[in-house]
file entry.cif (mmCIF, C-alpha atoms)
data_work
#
loop_
_atom_site.label_atom_id
_atom_site.label_comp_id
_atom_site.auth_asym_id
_atom_site.auth_seq_id
_atom_site.Cartn_x
_atom_site.Cartn_y
_atom_site.Cartn_z
CA MET A 1 18.62 8.14 22.23
CA ARG A 2 15.19 7.61 20.68
CA LEU A 3 13.96 10.89 22.10
CA SER A 4 16.92 12.83 20.82
CA ARG A 5 16.54 11.32 17.39
CA ARG A 6 12.87 12.23 17.26
CA ALA A 7 13.75 15.74 18.37
CA LEU A 8 16.27 15.96 15.55
CA LEU A 9 13.72 14.73 13.03
CA ALA A 10 11.15 17.16 14.37
CA ALA A 11 13.56 19.98 13.60
CA THR A 12 14.30 18.73 10.07
CA THR A 13 12.07 16.31 8.19
CA ALA A 14 8.89 16.93 10.17
CA ALA A 15 9.31 20.67 9.96
CA THR A 16 9.75 20.41 6.23
CA ALA A 17 6.66 18.23 5.93
CA PHE A 18 4.45 20.61 7.84
CA SER A 19 5.87 23.70 6.18
CA SER A 20 4.75 22.43 2.78
CA ALA A 21 1.12 22.34 3.95
CA PRO A 22 0.20 24.73 6.78
CA PRO A 23 -2.88 23.93 8.87
CA ALA A 24 -5.97 24.33 6.72
CA SER A 25 -8.68 26.82 7.51
CA ALA A 26 -12.33 25.74 7.37
CA ALA A 27 -12.62 27.23 3.89
CA GLU A 28 -9.50 25.46 2.64
CA ARG A 29 -10.73 22.11 3.94
CA HIS A 30 -13.74 22.39 1.65
CA ARG A 31 -11.69 23.05 -1.46
CA ARG A 32 -11.14 20.16 -3.81
CA LEU A 33 -8.33 17.78 -2.97
CA ARG A 34 -4.94 18.68 -4.40
CA THR A 35 -2.28 15.98 -4.53
CA GLY A 36 1.35 16.48 -3.62
CA PHE A 37 2.24 16.62 -7.31
CA GLU A 38 -0.42 19.24 -8.03
CA ARG A 39 0.99 21.43 -5.29
CA LEU A 40 4.57 20.86 -6.43
CA ALA A 41 3.71 21.84 -10.00
CA ALA A 42 1.63 24.84 -8.91
CA ASP A 43 4.71 26.12 -7.07
CA GLY A 44 6.78 25.90 -10.23
CA TYR A 45 8.73 22.88 -8.96
CA ALA A 46 10.57 25.17 -6.58
CA GLN A 47 11.58 22.25 -4.32
CA LEU A 48 13.40 20.68 -7.27
CA ASP A 49 15.10 23.84 -8.53
CA GLY A 50 18.70 23.25 -9.54
CA GLN A 51 18.42 19.52 -8.94
CA ARG A 52 18.88 16.58 -11.27
CA VAL A 53 15.73 14.62 -10.54
CA GLY A 54 14.79 10.97 -10.69
CA ILE A 55 11.30 9.73 -9.88
CA VAL A 56 10.01 6.44 -8.48
CA THR A 57 6.57 5.97 -9.98
CA ASN A 58 4.20 3.74 -11.93
CA PRO A 59 0.96 4.21 -13.92
CA THR A 60 -0.75 5.77 -10.88
CA GLY A 61 1.49 8.83 -11.03
CA ILE A 62 -1.02 10.90 -12.96
CA THR A 63 -2.55 14.34 -12.99
CA ARG A 64 -6.23 15.11 -12.49
CA ASP A 65 -6.70 15.06 -16.27
CA ALA A 66 -5.03 11.61 -16.49
CA ARG A 67 -1.65 12.67 -17.91
CA HIS A 68 1.35 10.88 -16.48
CA ILE A 69 3.49 13.13 -14.32
CA VAL A 70 6.69 11.89 -15.99
CA ASP A 71 5.38 13.10 -19.34
CA VAL A 72 4.33 16.40 -17.77
CA MET A 73 7.62 17.00 -15.98
CA HIS A 74 9.71 15.94 -18.95
CA ALA A 75 8.00 18.54 -21.10
CA ASP A 76 8.50 21.33 -18.53
CA ASN A 77 11.84 23.16 -18.63
CA ARG A 78 11.43 24.20 -14.98
CA VAL A 79 12.39 20.70 -13.81
CA ASN A 80 15.46 18.68 -14.83
CA LEU A 81 14.06 15.14 -14.88
CA ILE A 82 16.80 12.72 -15.91
CA ALA A 83 15.71 9.26 -14.70
CA VAL A 84 12.75 7.07 -13.80
CA PHE A 85 12.77 4.18 -11.32
CA GLY A 86 10.19 1.43 -11.78
CA PRO A 87 8.79 -0.76 -8.94
CA GLU A 88 7.07 -4.16 -9.10
CA HIS A 89 4.85 -4.33 -12.23
CA GLY A 90 7.06 -1.67 -13.81
CA PHE A 91 6.96 2.05 -14.53
CA ARG A 92 4.37 1.71 -17.30
CA GLY A 93 2.68 -1.24 -15.57
CA THR A 94 3.20 -4.02 -18.08
CA ALA A 95 4.33 -6.78 -15.67
CA GLN A 96 2.17 -9.13 -13.60
CA ALA A 97 2.56 -9.87 -9.87
CA GLY A 98 6.13 -10.79 -8.99
CA GLY A 99 7.52 -9.18 -12.15
CA SER A 100 9.04 -5.94 -13.39
CA GLU A 101 10.06 -4.32 -16.67
CA GLY A 102 13.84 -4.34 -16.28
CA ARG A 103 16.18 -1.60 -17.52
CA TYR A 104 15.12 0.21 -20.71
CA ASP A 105 14.69 3.64 -22.26
CA ASP A 106 11.12 4.94 -22.12
CA PRO A 107 9.82 5.27 -25.71
CA ALA A 108 7.63 8.27 -24.87
CA THR A 109 10.30 10.46 -23.27
CA GLY A 110 13.62 8.78 -24.00
CA LEU A 111 14.37 8.78 -20.26
CA PRO A 112 16.34 5.87 -18.81
CA VAL A 113 14.13 3.62 -16.68
CA TYR A 114 15.87 1.69 -13.92
CA ASP A 115 14.38 -1.38 -12.22
CA THR A 116 14.08 -1.16 -8.40
CA TYR A 117 12.08 -4.37 -7.88
CA LEU A 118 13.64 -6.60 -5.20
CA LYS A 119 16.63 -4.28 -4.98
CA SER A 120 17.58 -2.61 -1.71
CA GLY A 121 20.52 -1.38 0.33
CA ARG A 122 23.83 -0.77 -1.41
CA PRO A 123 22.83 -2.28 -4.80
CA LEU A 124 19.89 0.13 -5.03
CA ALA A 125 22.06 3.01 -3.77
CA ASP A 126 24.49 2.22 -6.59
CA ILE A 127 21.64 2.52 -9.11
CA PHE A 128 20.77 5.96 -7.75
CA THR A 129 24.43 6.96 -7.96
CA ALA A 130 24.83 5.63 -11.51
CA SER A 131 21.71 7.49 -12.65
CA GLY A 132 23.31 10.82 -11.78
CA VAL A 133 20.35 12.19 -9.83
CA ASP A 134 20.62 14.59 -6.89
CA THR A 135 17.04 14.12 -5.68
CA VAL A 136 14.80 11.05 -5.72
CA VAL A 137 11.06 11.78 -5.88
CA PHE A 138 8.41 9.19 -4.95
CA ASP A 139 4.84 9.34 -6.28
CA ILE A 140 2.84 6.08 -6.27
CA GLN A 141 -0.76 5.42 -5.24
CA ASP A 142 -0.85 3.05 -2.26
CA VAL A 143 -3.89 1.00 -1.15
CA GLY A 144 -3.40 0.93 2.63
CA ALA A 145 -2.21 -2.64 3.28
CA ARG A 146 1.11 -3.68 4.81
CA PHE A 147 1.68 -6.38 2.21
CA TYR A 148 1.22 -4.09 -0.80
CA THR A 149 4.81 -3.82 -1.95
CA TYR A 150 4.94 -0.17 -3.03
CA ILE A 151 5.33 1.05 0.55
CA TRP A 152 8.37 -1.20 0.90
CA THR A 153 9.72 0.17 -2.38
CA LEU A 154 9.35 3.53 -0.61
CA TYR A 155 11.26 2.20 2.40
CA ASP A 156 14.02 0.60 0.32
CA CYS A 157 14.42 3.73 -1.81
CA MET A 158 14.63 5.95 1.28
CA GLU A 159 17.34 3.72 2.73
CA ALA A 160 19.23 3.62 -0.57
CA ALA A 161 18.96 7.38 -1.04
CA GLN A 162 20.47 7.88 2.39
CA LEU A 163 23.34 5.54 1.53
CA ALA A 164 23.90 7.37 -1.77
CA GLY A 165 23.66 10.84 -0.19
CA LYS A 166 20.54 11.88 -2.13
CA ARG A 167 17.58 14.04 -1.13
CA PHE A 168 14.25 12.24 -0.99
CA VAL A 169 10.94 13.94 -1.74
CA VAL A 170 7.57 12.21 -1.27
CA LEU A 171 4.53 13.54 -3.14
CA ASP A 172 1.45 12.53 -1.19
CA ARG A 173 -1.76 10.90 -2.42
CA PRO A 174 -4.87 9.73 -0.54
CA ASN A 175 -5.16 6.45 1.27
CA PRO A 176 -8.10 5.18 -0.81
CA VAL A 177 -9.69 3.28 2.08
CA THR A 178 -9.40 6.25 4.47
CA GLY A 179 -6.91 7.02 7.20
CA ARG A 180 -9.37 6.55 10.05
CA ALA A 181 -7.84 3.64 11.91
CA ALA A 182 -5.01 1.13 12.05
CA GLN A 183 -6.21 -2.48 12.09
CA GLY A 184 -4.81 -5.99 12.16
CA PRO A 185 -1.74 -7.82 13.45
CA VAL A 186 1.65 -6.13 13.68
CA LEU A 187 4.58 -7.69 11.85
CA HIS A 188 7.23 -9.46 13.94
CA LYS A 189 10.69 -8.66 12.61
CA GLU A 190 11.67 -12.33 12.17
CA PHE A 191 8.94 -12.56 9.52
CA ALA A 192 10.18 -9.58 7.52
CA THR A 193 10.00 -9.93 3.71
CA PHE A 194 9.17 -7.66 0.79
CA VAL A 195 5.50 -7.92 1.83
CA GLY A 196 6.47 -6.45 5.20
CA ARG A 197 9.87 -5.00 6.02
CA GLN A 198 9.09 -3.43 9.40
CA PRO A 199 6.63 -3.84 12.31
CA ILE A 200 3.55 -1.96 11.18
CA CYS A 201 0.02 -3.32 11.28
CA GLN A 202 -1.83 -5.01 8.45
CA ALA A 203 -4.14 -2.10 7.50
CA HIS A 204 -2.01 0.90 8.47
CA GLY A 205 -4.45 3.76 7.79
CA MET A 206 -1.69 6.14 6.68
CA THR A 207 -0.68 8.01 3.54
CA VAL A 208 2.70 7.45 1.91
CA ALA A 209 4.01 10.76 3.28
CA GLU A 210 3.00 9.73 6.79
CA LEU A 211 4.62 6.33 6.29
CA ALA A 212 7.80 7.99 5.03
CA ARG A 213 8.01 10.03 8.23
CA LEU A 214 7.34 6.90 10.29
CA PHE A 215 10.05 4.96 8.45
CA ASN A 216 12.51 7.81 8.87
CA GLY A 217 11.79 8.25 12.56
CA GLU A 218 11.47 4.64 13.66
CA PHE A 219 13.10 2.17 11.31
CA LEU A 220 15.88 3.53 9.09
CA THR A 221 19.34 3.02 10.57
CA ALA A 222 20.13 6.61 9.62
CA PRO A 223 17.45 9.09 8.48
CA VAL A 224 17.41 10.25 4.89
CA ALA A 225 17.15 13.95 3.97
CA LEU A 226 13.37 13.74 3.65
CA GLU A 227 10.91 16.31 2.35
CA THR A 228 7.21 15.78 1.79
CA VAL A 229 4.71 17.68 -0.31
CA LEU A 230 1.35 17.14 1.33
CA MET A 231 -2.17 17.18 -0.03
CA THR A 232 -4.69 19.85 0.75
CA GLY A 233 -8.40 19.19 0.93
CA TRP A 234 -8.13 15.59 2.18
CA LYS A 235 -9.71 14.30 5.39
CA ARG A 236 -8.86 11.02 7.08
CA SER A 237 -12.49 9.89 6.88
CA GLU A 238 -12.70 10.18 3.08
CA PHE A 239 -12.77 7.28 0.62
CA TYR A 240 -11.18 7.57 -2.79
CA ASP A 241 -14.34 8.35 -4.69
CA THR A 242 -14.62 11.67 -2.85
CA SER A 243 -11.23 12.81 -4.16
CA GLY A 244 -12.29 13.69 -7.70
CA LEU A 245 -9.17 11.91 -8.95
CA PRO A 246 -9.24 9.24 -11.67
CA TRP A 247 -8.46 5.71 -10.46
CA VAL A 248 -5.65 3.91 -12.23
CA PRO A 249 -5.08 0.29 -11.14
CA PRO A 250 -1.87 0.40 -9.06
CA SER A 251 -1.29 -3.22 -10.06
CA PRO A 252 -3.03 -5.58 -12.48
CA ASN A 253 -5.16 -7.18 -9.77
CA MET A 254 -6.25 -3.93 -8.12
CA PRO A 255 -8.79 -2.79 -10.74
CA THR A 256 -11.04 -0.57 -8.59
CA PRO A 257 -11.17 1.19 -5.22
CA ASP A 258 -13.64 -1.57 -4.22
CA THR A 259 -10.76 -4.02 -4.55
CA ALA A 260 -8.62 -1.89 -2.26
CA LEU A 261 -11.42 -1.82 0.31
CA VAL A 262 -11.35 -5.61 0.82
CA TYR A 263 -7.70 -6.28 -0.03
CA SER A 264 -6.15 -5.86 3.42
CA GLY A 265 -8.28 -8.78 4.62
CA THR A 266 -8.81 -11.10 1.69
CA CYS A 267 -5.22 -11.01 0.44
CA LEU A 268 -4.67 -13.46 3.30
CA PHE A 269 -6.11 -16.13 1.01
CA GLU A 270 -2.83 -15.96 -0.92
CA GLY A 271 -1.54 -17.99 2.03
CA THR A 272 -4.07 -20.79 1.45
CA ASN A 273 -4.97 -23.28 -1.27
CA LEU A 274 -8.09 -21.28 -2.16
CA SER A 275 -8.24 -18.83 -5.03
CA GLU A 276 -8.14 -15.18 -3.99
CA GLY A 277 -9.92 -14.30 -7.24
CA ARG A 278 -6.89 -13.59 -9.42
CA GLY A 279 -7.85 -14.27 -13.00
CA THR A 280 -11.37 -12.90 -12.50
CA THR A 281 -12.87 -9.45 -12.93
CA ARG A 282 -13.28 -9.22 -9.13
CA PRO A 283 -9.95 -10.21 -7.58
CA PHE A 284 -9.98 -10.34 -3.75
CA GLU A 285 -13.78 -9.96 -3.78
CA LEU A 286 -14.25 -13.51 -5.16
CA LEU A 287 -12.76 -16.38 -3.15
CA GLY A 288 -13.11 -20.10 -3.72
CA ALA A 289 -11.85 -23.57 -4.53
CA GLU A 290 -12.99 -26.82 -6.10
CA GLY A 291 -15.29 -28.62 -3.68
CA VAL A 292 -16.52 -25.49 -1.88
CA ASP A 293 -20.27 -24.96 -1.94
CA GLY A 294 -22.93 -22.68 -0.47
CA ARG A 295 -22.18 -23.72 3.12
CA TRP A 296 -19.29 -21.28 3.24
CA ALA A 297 -21.35 -18.21 2.35
CA ALA A 298 -24.01 -19.36 4.81
CA ALA A 299 -21.48 -19.82 7.63
CA ALA A 300 -19.91 -16.42 6.98
CA GLY A 301 -23.33 -14.77 6.85
CA GLU A 302 -24.31 -16.22 10.22
CA LEU A 303 -21.55 -14.17 11.84
CA ALA A 304 -23.46 -10.97 10.99
CA LEU A 305 -20.27 -9.04 10.36
CA PRO A 306 -20.84 -5.29 10.05
CA GLY A 307 -21.11 -3.70 6.64
CA VAL A 308 -20.85 -6.83 4.49
CA HIS A 309 -22.93 -9.58 2.86
CA PHE A 310 -21.64 -12.85 1.40
CA ARG A 311 -23.06 -14.38 -1.76
CA GLU A 312 -22.57 -17.99 -2.85
CA ALA A 313 -20.54 -17.70 -6.05
CA TYR A 314 -19.00 -19.87 -8.77
CA PHE A 315 -16.26 -18.75 -11.13
CA ALA A 316 -13.46 -20.01 -13.39
CA PRO A 317 -10.17 -18.08 -13.07
CA THR A 318 -8.41 -17.35 -16.35
CA PHE A 319 -4.99 -17.57 -14.67
CA SER A 320 -3.40 -18.29 -11.27
CA LYS A 321 -4.98 -20.90 -8.96
CA PHE A 322 -7.57 -23.19 -10.60
CA GLN A 323 -6.95 -21.69 -14.03
CA GLY A 324 -9.75 -22.64 -16.39
CA ARG A 325 -11.59 -24.72 -13.75
CA THR A 326 -14.89 -23.86 -12.13
CA VAL A 327 -14.67 -23.31 -8.39
CA GLY A 328 -17.21 -22.53 -5.70
CA GLY A 329 -16.95 -19.94 -2.98
CA VAL A 330 -18.13 -16.50 -1.97
CA GLN A 331 -18.37 -13.02 -3.33
CA ILE A 332 -17.97 -10.21 -0.81
CA HIS A 333 -20.52 -7.39 -1.09
CA VAL A 334 -19.69 -4.39 1.11
CA HIS A 335 -22.89 -2.43 1.73
CA ASP A 336 -21.66 -0.10 4.50
CA ARG A 337 -18.01 0.69 3.98
CA ALA A 338 -17.81 2.93 7.05
CA ALA A 339 -18.80 0.00 9.27
CA TYR A 340 -16.84 -2.64 7.36
CA ASP A 341 -13.65 -4.04 8.96
CA PRO A 342 -11.63 -5.73 6.20
CA VAL A 343 -9.12 -7.47 8.45
CA ARG A 344 -11.69 -8.97 10.82
CA THR A 345 -13.74 -10.01 7.79
CA GLY A 346 -10.70 -11.72 6.24
CA ILE A 347 -10.07 -13.62 9.47
CA ALA A 348 -13.73 -14.65 9.70
CA LEU A 349 -13.60 -15.98 6.15
CA LEU A 350 -10.48 -18.02 6.91
CA VAL A 351 -12.09 -19.47 10.05
CA THR A 352 -15.34 -20.40 8.31
CA ALA A 353 -13.61 -21.80 5.21
CA LYS A 354 -11.58 -24.15 7.39
CA ARG A 355 -14.68 -25.22 9.30
CA VAL A 356 -16.93 -26.00 6.33
CA TRP A 357 -14.45 -27.31 3.74
CA SER A 358 -12.40 -30.39 4.54
CA GLY A 359 -9.92 -29.57 1.77
CA PHE A 360 -8.74 -26.33 3.37
CA ALA A 361 -4.95 -26.05 3.70
CA TRP A 362 -2.33 -23.40 4.29
CA ARG A 363 0.34 -22.97 1.64
CA SER A 364 3.17 -25.38 2.41
CA ASP A 365 5.66 -22.52 2.84
CA ASN A 366 3.44 -20.94 5.55
CA TRP A 367 3.14 -17.80 3.45
CA ILE A 368 0.23 -16.88 5.72
CA ASP A 369 2.77 -16.12 8.44
CA LYS A 370 4.56 -13.63 6.16
CA LEU A 371 1.24 -11.96 5.31
CA THR A 372 -0.03 -11.73 8.90
CA GLY A 373 3.43 -11.04 10.31
CA SER A 374 3.70 -13.93 12.79
CA THR A 375 2.47 -17.46 13.53
CA GLN A 376 -0.37 -16.17 15.74
CA VAL A 377 -3.18 -16.16 13.18
CA ARG A 378 -2.35 -19.55 11.68
CA THR A 379 -1.86 -21.35 14.97
CA ALA A 380 -4.97 -19.83 16.53
CA ILE A 381 -7.16 -20.87 13.59
CA ASP A 382 -5.60 -24.35 13.57
CA ALA A 383 -6.43 -24.61 17.28
CA GLY A 384 -10.10 -23.93 16.54
CA ALA A 385 -10.26 -20.28 17.61
CA GLY A 386 -13.16 -18.16 16.42
CA PRO A 387 -12.73 -14.80 14.68
CA ASP A 388 -13.05 -12.73 17.87
CA GLU A 389 -10.44 -14.85 19.66
CA VAL A 390 -8.02 -14.55 16.74
CA VAL A 391 -8.48 -10.78 16.58
CA ALA A 392 -8.02 -10.47 20.34
CA GLY A 393 -4.59 -12.07 20.00
CA TRP A 394 -2.98 -9.00 18.41
CA GLN A 395 -4.66 -6.15 20.29
CA GLU A 396 -1.82 -5.37 22.68
CA GLU A 397 0.74 -5.05 19.88
CA LEU A 398 -1.72 -3.07 17.78
CA ALA A 399 -2.30 -0.60 20.62
CA ALA A 400 1.46 0.00 20.86
CA PHE A 401 1.73 0.57 17.11
CA ARG A 402 -1.22 2.96 17.14
CA ALA A 403 0.53 5.06 19.79
CA THR A 404 3.67 5.27 17.64
CA ARG A 405 1.66 5.91 14.47
CA ARG A 406 -0.13 8.86 16.08
CA GLU A 407 3.11 10.87 16.19
CA TYR A 408 3.44 10.81 12.39
CA LEU A 409 -0.07 11.62 11.22
CA LEU A 410 -0.34 14.79 9.14
CA TYR A 411 -4.06 15.15 8.41
CA ARG A 412 -7.24 15.37 10.45
#
call {"tool": "encode", "arguments": {"input": "entry.cif", "output": "C-alpha cells"}}
result
Amino acid sequence: MRLSRRALLAATTAATAFSSAPPASAAERHRRLRTGFERLAADGYAQLDGQRVGIVTNPTGITRDARHIVDVMHADNRVNLIAVFGPEHGFRGTAQAGGSEGRYDDPATGLPVYDTYLKSGRPLADIFTASGVDTVVFDIQDVGARFYTYIWTLYDCMEAAQLAGKRFVVLDRPNPVTGRAAQGPVLHKEFATFVGRQPICQAHGMTVAELARLFNGEFLTAPVALETVLMTGWKRSEFYDTSGLPWVPPSPNMPTPDTALVYSGTCLFEGTNLSEGRGTTRPFELLGAEGVDGRWAAAAGELALPGVHFREAYFAPTFSKFQGRTVGGVQIHVHDRAAYDPVRTGIALLVTAKRVWSGFAWRSDNWIDKLTGSTQVRTAIDAGAGPDEVVAGWQEELAAFRATRREYLLYR
C-alpha cells in the first residue's frame, strides 16, 4: 500500500513540484537565488488564477526589497487575496514565544487575519472553510530544526486543507543552515507535541517544500492537493548569507542566521534549569545559570569539537529564566560553520554542564524528552554517557530517516 501511495503522489504532487522548477543548467545554477514567491509573481500568479487565496505567513514572508508579500499581493489585481492565517508569534510578529495575535483585521490591508496557533484538524479546517478561500498558500522562513513550530504549522495546515477540500501551495525558501545533512535523534510518536508532530530528525536539513512533500507522502492520513513553487539558484551546501535575501527574525528569539546555526543543538537547554539565553542579545549562543563558572567552558573546550570555541561568559537576562540576575556560563563561537555539528555540540554541552555543575537539573516535566523525541538522550546522560555514546544511540533510527528523506529532496 505504501508503494502504491508513493506512486500516486509521484504522479500528482511530486510531478507538480518538479514541473514548477525544471532541472537547472550550469548557467542557471549560477544565477542569483529566486524564492518561490519571486517565481510565482514573475509568472503573473498563474497558479492562483481564478482562486480565492488565503496565505499562511509571518514577518519573514518578504520580497528581496523587504516588502511583505501580503502587501504586494493585496495591491496586485492579478491575485484575489482574501485572508491571512497567522502562526505562533502572529502574522505581523508581535507575540512572544507561546503566543499569537488572535483574530483581527490587518490595519495595512484590511484583510481578515485568522489565528492558526495550536489549532489543527477539524477546528483548523473549519477556519479555512469560514474564510472562504479555495487555495491556502504557505510562505514562512524556517530555520531547520524539528522543534521550530512553523513546520508543524505547515503540517497542521496541510491536514486541515485536505479536510476542508482546499488546494495547498507551498512557496519555498532556503534552509538557512544548509540542506547538506540530517542530524540528531528521530522523534518517537509517543512523544509527539507541537514541537514535533511526526518522526523526523532534530536537524532535518530540508526546505519547507521538501518537508511538505515528505509530510504528504509519509504522514498525512490522506494527501492534500499539494503544489510547490521551488527556488532556483539555491544549492544544498549554501548558508543563508549567500542568498542575497534580507534576514527577518522568524521569531523574537531568532535574531540572526547565527542563531539559527546553533539553535538545533542549544534549544535543548529549554529542557533544563539553565538559561538558553532568552532575554539577551545572543539567545541560544549564550547559556548559563547562577553558580556556573569557567569550568564549564574549559570542559567543553577540552572536547575539541569541530568548528566551535567556547568562551566563559556572564550575562543577566532581561526576561525568561534568571530575569535580572547575573549568571555564568558559556558563549558559543562558531569559527568553521561547515565543520560545525550543532546537535553533537548541544549534547556535549549538556554532558559537560551536568558534570561540572552540581545544580544541573532537567525540567520537572521532562521537556527534554519532547525536544529530543524520546527518553534516550536524558537517560543516557543521567547514566554518565559521554557525547559520542549519546550520539551513537540514535544512529540506526537516523539512518532509516535519511533513507526516507532522500526520496523527497528537490535540490542538489
call {"tool": "resolve_selection", "arguments": {"input": "entry.cif", "expression": "the PyMOL selection byres ((chain A and resi 39-56) around 9)", "output": "PyMOL selection string"}}
result
chain A and resi 20+34-38+57-58+70+73+78-87+91+116+128+131-140+153-154+157+169+171+227+229-232
call {"tool": "write_last_selection", "arguments": {"input": "entry.cif", "atoms": "C-alpha atoms", "output": "compact mmCIF listing (two decimals), in the frame of the given file"}}
result
# COMPACT_ATOMS: atom_id res chain seq x y z
CA SER A 20 4.75 22.43 2.78
CA ARG A 34 -4.94 18.68 -4.40
CA THR A 35 -2.28 15.98 -4.53
CA GLY A 36 1.35 16.48 -3.62
CA PHE A 37 2.24 16.62 -7.31
CA GLU A 38 -0.42 19.24 -8.03
CA THR A 57 6.57 5.97 -9.98
CA ASN A 58 4.20 3.74 -11.93
CA VAL A 70 6.69 11.89 -15.99
CA MET A 73 7.62 17.00 -15.98
CA ARG A 78 11.43 24.20 -14.98
CA VAL A 79 12.39 20.70 -13.81
CA ASN A 80 15.46 18.68 -14.83
CA LEU A 81 14.06 15.14 -14.88
CA ILE A 82 16.80 12.72 -15.91
CA ALA A 83 15.71 9.26 -14.70
CA VAL A 84 12.75 7.07 -13.80
CA PHE A 85 12.77 4.18 -11.32
CA GLY A 86 10.19 1.43 -11.78
CA PRO A 87 8.79 -0.76 -8.94
CA PHE A 91 6.96 2.05 -14.53
CA THR A 116 14.08 -1.16 -8.40
CA PHE A 128 20.77 5.96 -7.75
CA SER A 131 21.71 7.49 -12.65
CA GLY A 132 23.31 10.82 -11.78
CA VAL A 133 20.35 12.19 -9.83
CA ASP A 134 20.62 14.59 -6.89
CA THR A 135 17.04 14.12 -5.68
CA VAL A 136 14.80 11.05 -5.72
CA VAL A 137 11.06 11.78 -5.88
CA PHE A 138 8.41 9.19 -4.95
CA ASP A 139 4.84 9.34 -6.28
CA ILE A 140 2.84 6.08 -6.27
CA THR A 153 9.72 0.17 -2.38
CA LEU A 154 9.35 3.53 -0.61
CA CYS A 157 14.42 3.73 -1.81
CA VAL A 169 10.94 13.94 -1.74
CA LEU A 171 4.53 13.54 -3.14
CA GLU A 227 10.91 16.31 2.35
CA VAL A 229 4.71 17.68 -0.31
CA LEU A 230 1.35 17.14 1.33
CA MET A 231 -2.17 17.18 -0.03
CA THR A 232 -4.69 19.85 0.75
call {"tool": "atom_distance", "arguments": {"input": "entry.cif", "atom1": "CA of Pro257 in chain A", "atom2": "CA of Leu303 in chain A"}}
result
25.2 Å
call {"tool": "atom_distance", "arguments": {"input": "entry.cif", "atom1": "CA of His309 in chain A", "atom2": "CA of Val356 in chain A"}}
result
17.8 Å
call {"tool": "resolve_selection", "arguments": {"input": "entry.cif", "expression": "the PyMOL selection byres ((chain A and resi 117) around 7)", "output": "JSON list (two decimals) with C-alpha atoms, in the frame of the given file"}}
result
[["chain", "number", "residue", "atom", "x", "y", "z"],
["A", 87, "PRO", "CA", 8.79, -0.76, -8.94],
["A", 88, "GLU", "CA", 7.07, -4.16, -9.10],
["A", 100, "SER", "CA", 9.04, -5.94, -13.39],
["A", 115, "ASP", "CA", 14.38, -1.38, -12.22],
["A", 116, "THR", "CA", 14.08, -1.16, -8.40],
["A", 118, "LEU", "CA", 13.64, -6.60, -5.20],
["A", 119, "LYS", "CA", 16.63, -4.28, -4.98]]
call {"tool": "residues_around", "arguments": {"input": "entry.cif", "residues": "range 382-391 of chain A", "least_positions_apart": "2", "cutoff": "7 Å", "atoms": "all atoms listed in the file", "output": "ChimeraX atom specification"}}
result
/A:344,347-348,351,377-380,393-394
call {"tool": "closest_residue", "arguments": {"input": "entry.cif", "among": "A:Thr193, A:Ser120, A:Thr178, A:Ser243", "to": "Ala161 in chain A", "atoms": "only C-alpha atoms"}}
result
A:Ser120
call {"tool": "residues_around", "arguments": {"input": "entry.cif", "residues": "range 280-296 of chain A", "least_positions_apart": "4", "cutoff": "6 Å", "atoms": "all atoms listed in the file", "output": "number ranges by chain"}}
result
A: 263, 266, 274-276, 312, 317, 327-332
call {"tool": "write_last_selection", "arguments": {"input": "entry.cif", "atoms": "C-alpha atoms", "output": "mmCIF file, keeping the file's coordinate frame"}}
result
data_model
loop_
_atom_site.group_PDB
_atom_site.id
_atom_site.type_symbol
_atom_site.label_atom_id
_atom_site.label_comp_id
_atom_site.auth_asym_id
_atom_site.auth_seq_id
_atom_site.Cartn_x
_atom_site.Cartn_y
_atom_site.Cartn_z
ATOM 1 C CA TYR A 263 -7.700 -6.280 -0.030
ATOM 2 C CA THR A 266 -8.810 -11.100 1.690
ATOM 3 C CA LEU A 274 -8.090 -21.280 -2.160
ATOM 4 C CA SER A 275 -8.240 -18.830 -5.030
ATOM 5 C CA GLU A 276 -8.140 -15.180 -3.990
ATOM 6 C CA GLU A 312 -22.570 -17.990 -2.850
ATOM 7 C CA PRO A 317 -10.170 -18.080 -13.070
ATOM 8 C CA VAL A 327 -14.670 -23.310 -8.390
ATOM 9 C CA GLY A 328 -17.210 -22.530 -5.700
ATOM 10 C CA GLY A 329 -16.950 -19.940 -2.980
ATOM 11 C CA VAL A 330 -18.130 -16.500 -1.970
ATOM 12 C CA GLN A 331 -18.370 -13.020 -3.330
ATOM 13 C CA ILE A 332 -17.970 -10.210 -0.810
#
call {"tool": "atom_distance", "arguments": {"input": "entry.cif", "atom1": "CA of Arg278 in chain A", "atom2": "CA of Phe319 in chain A"}}
result
6.9 Å
call {"tool": "closest_residue", "arguments": {"input": "entry.cif", "among": "A:Asp258, A:His74, A:Ser364, A:Tyr411", "to": "Asp336 in chain A", "atoms": "all atoms listed in the file"}}
result
A:Asp258
call {"tool": "residues_around", "arguments": {"input": "entry.cif", "residues": "Asp369 in chain A", "least_positions_apart": "2", "cutoff": "10 Å", "atoms": "only C-alpha atoms", "output": "PyMOL selection string"}}
result
chain A and resi 187-188+191-192+268+271+362-363+365-367+371-379
call {"tool": "resolve_selection", "arguments": {"input": "entry.cif", "expression": "the PyMOL selection byres ((chain A and resi 199-214) around 6)", "output": "CSV table (one decimal) with C-alpha atoms, in the frame of the given file"}}
result
chain,number,residue,atom,x,y,z
A,144,GLY,CA,-3.4,0.9,2.6
A,145,ALA,CA,-2.2,-2.6,3.3
A,146,ARG,CA,1.1,-3.7,4.8
A,170,VAL,CA,7.6,12.2,-1.3
A,172,ASP,CA,1.4,12.5,-1.2
A,175,ASN,CA,-5.2,6.4,1.3
A,179,GLY,CA,-6.9,7.0,7.2
A,181,ALA,CA,-7.8,3.6,11.9
A,182,ALA,CA,-5.0,1.1,12.0
A,183,GLN,CA,-6.2,-2.5,12.1
A,184,GLY,CA,-4.8,-6.0,12.2
A,185,PRO,CA,-1.7,-7.8,13.4
A,186,VAL,CA,1.6,-6.1,13.7
A,187,LEU,CA,4.6,-7.7,11.8
A,188,HIS,CA,7.2,-9.5,13.9
A,198,GLN,CA,9.1,-3.4,9.4
A,215,PHE,CA,10.0,5.0,8.4
A,216,ASN,CA,12.5,7.8,8.9
A,217,GLY,CA,11.8,8.2,12.6
A,218,GLU,CA,11.5,4.6,13.7
A,264,SER,CA,-6.2,-5.9,3.4
A,408,TYR,CA,3.4,10.8,12.4
A,409,LEU,CA,-0.1,11.6,11.2
call {"tool": "residues_near_point", "arguments": {"input": "entry.cif", "point": "(11.2, 12.1, -24.8)", "cutoff": "10 Å", "atoms": "all atoms listed in the file", "output": "list in words"}}
result
Val70, Asp71, His74, Ala75, Asp105, Asp106, Pro107, Ala108, Thr109, Gly110 and Leu111 of chain A
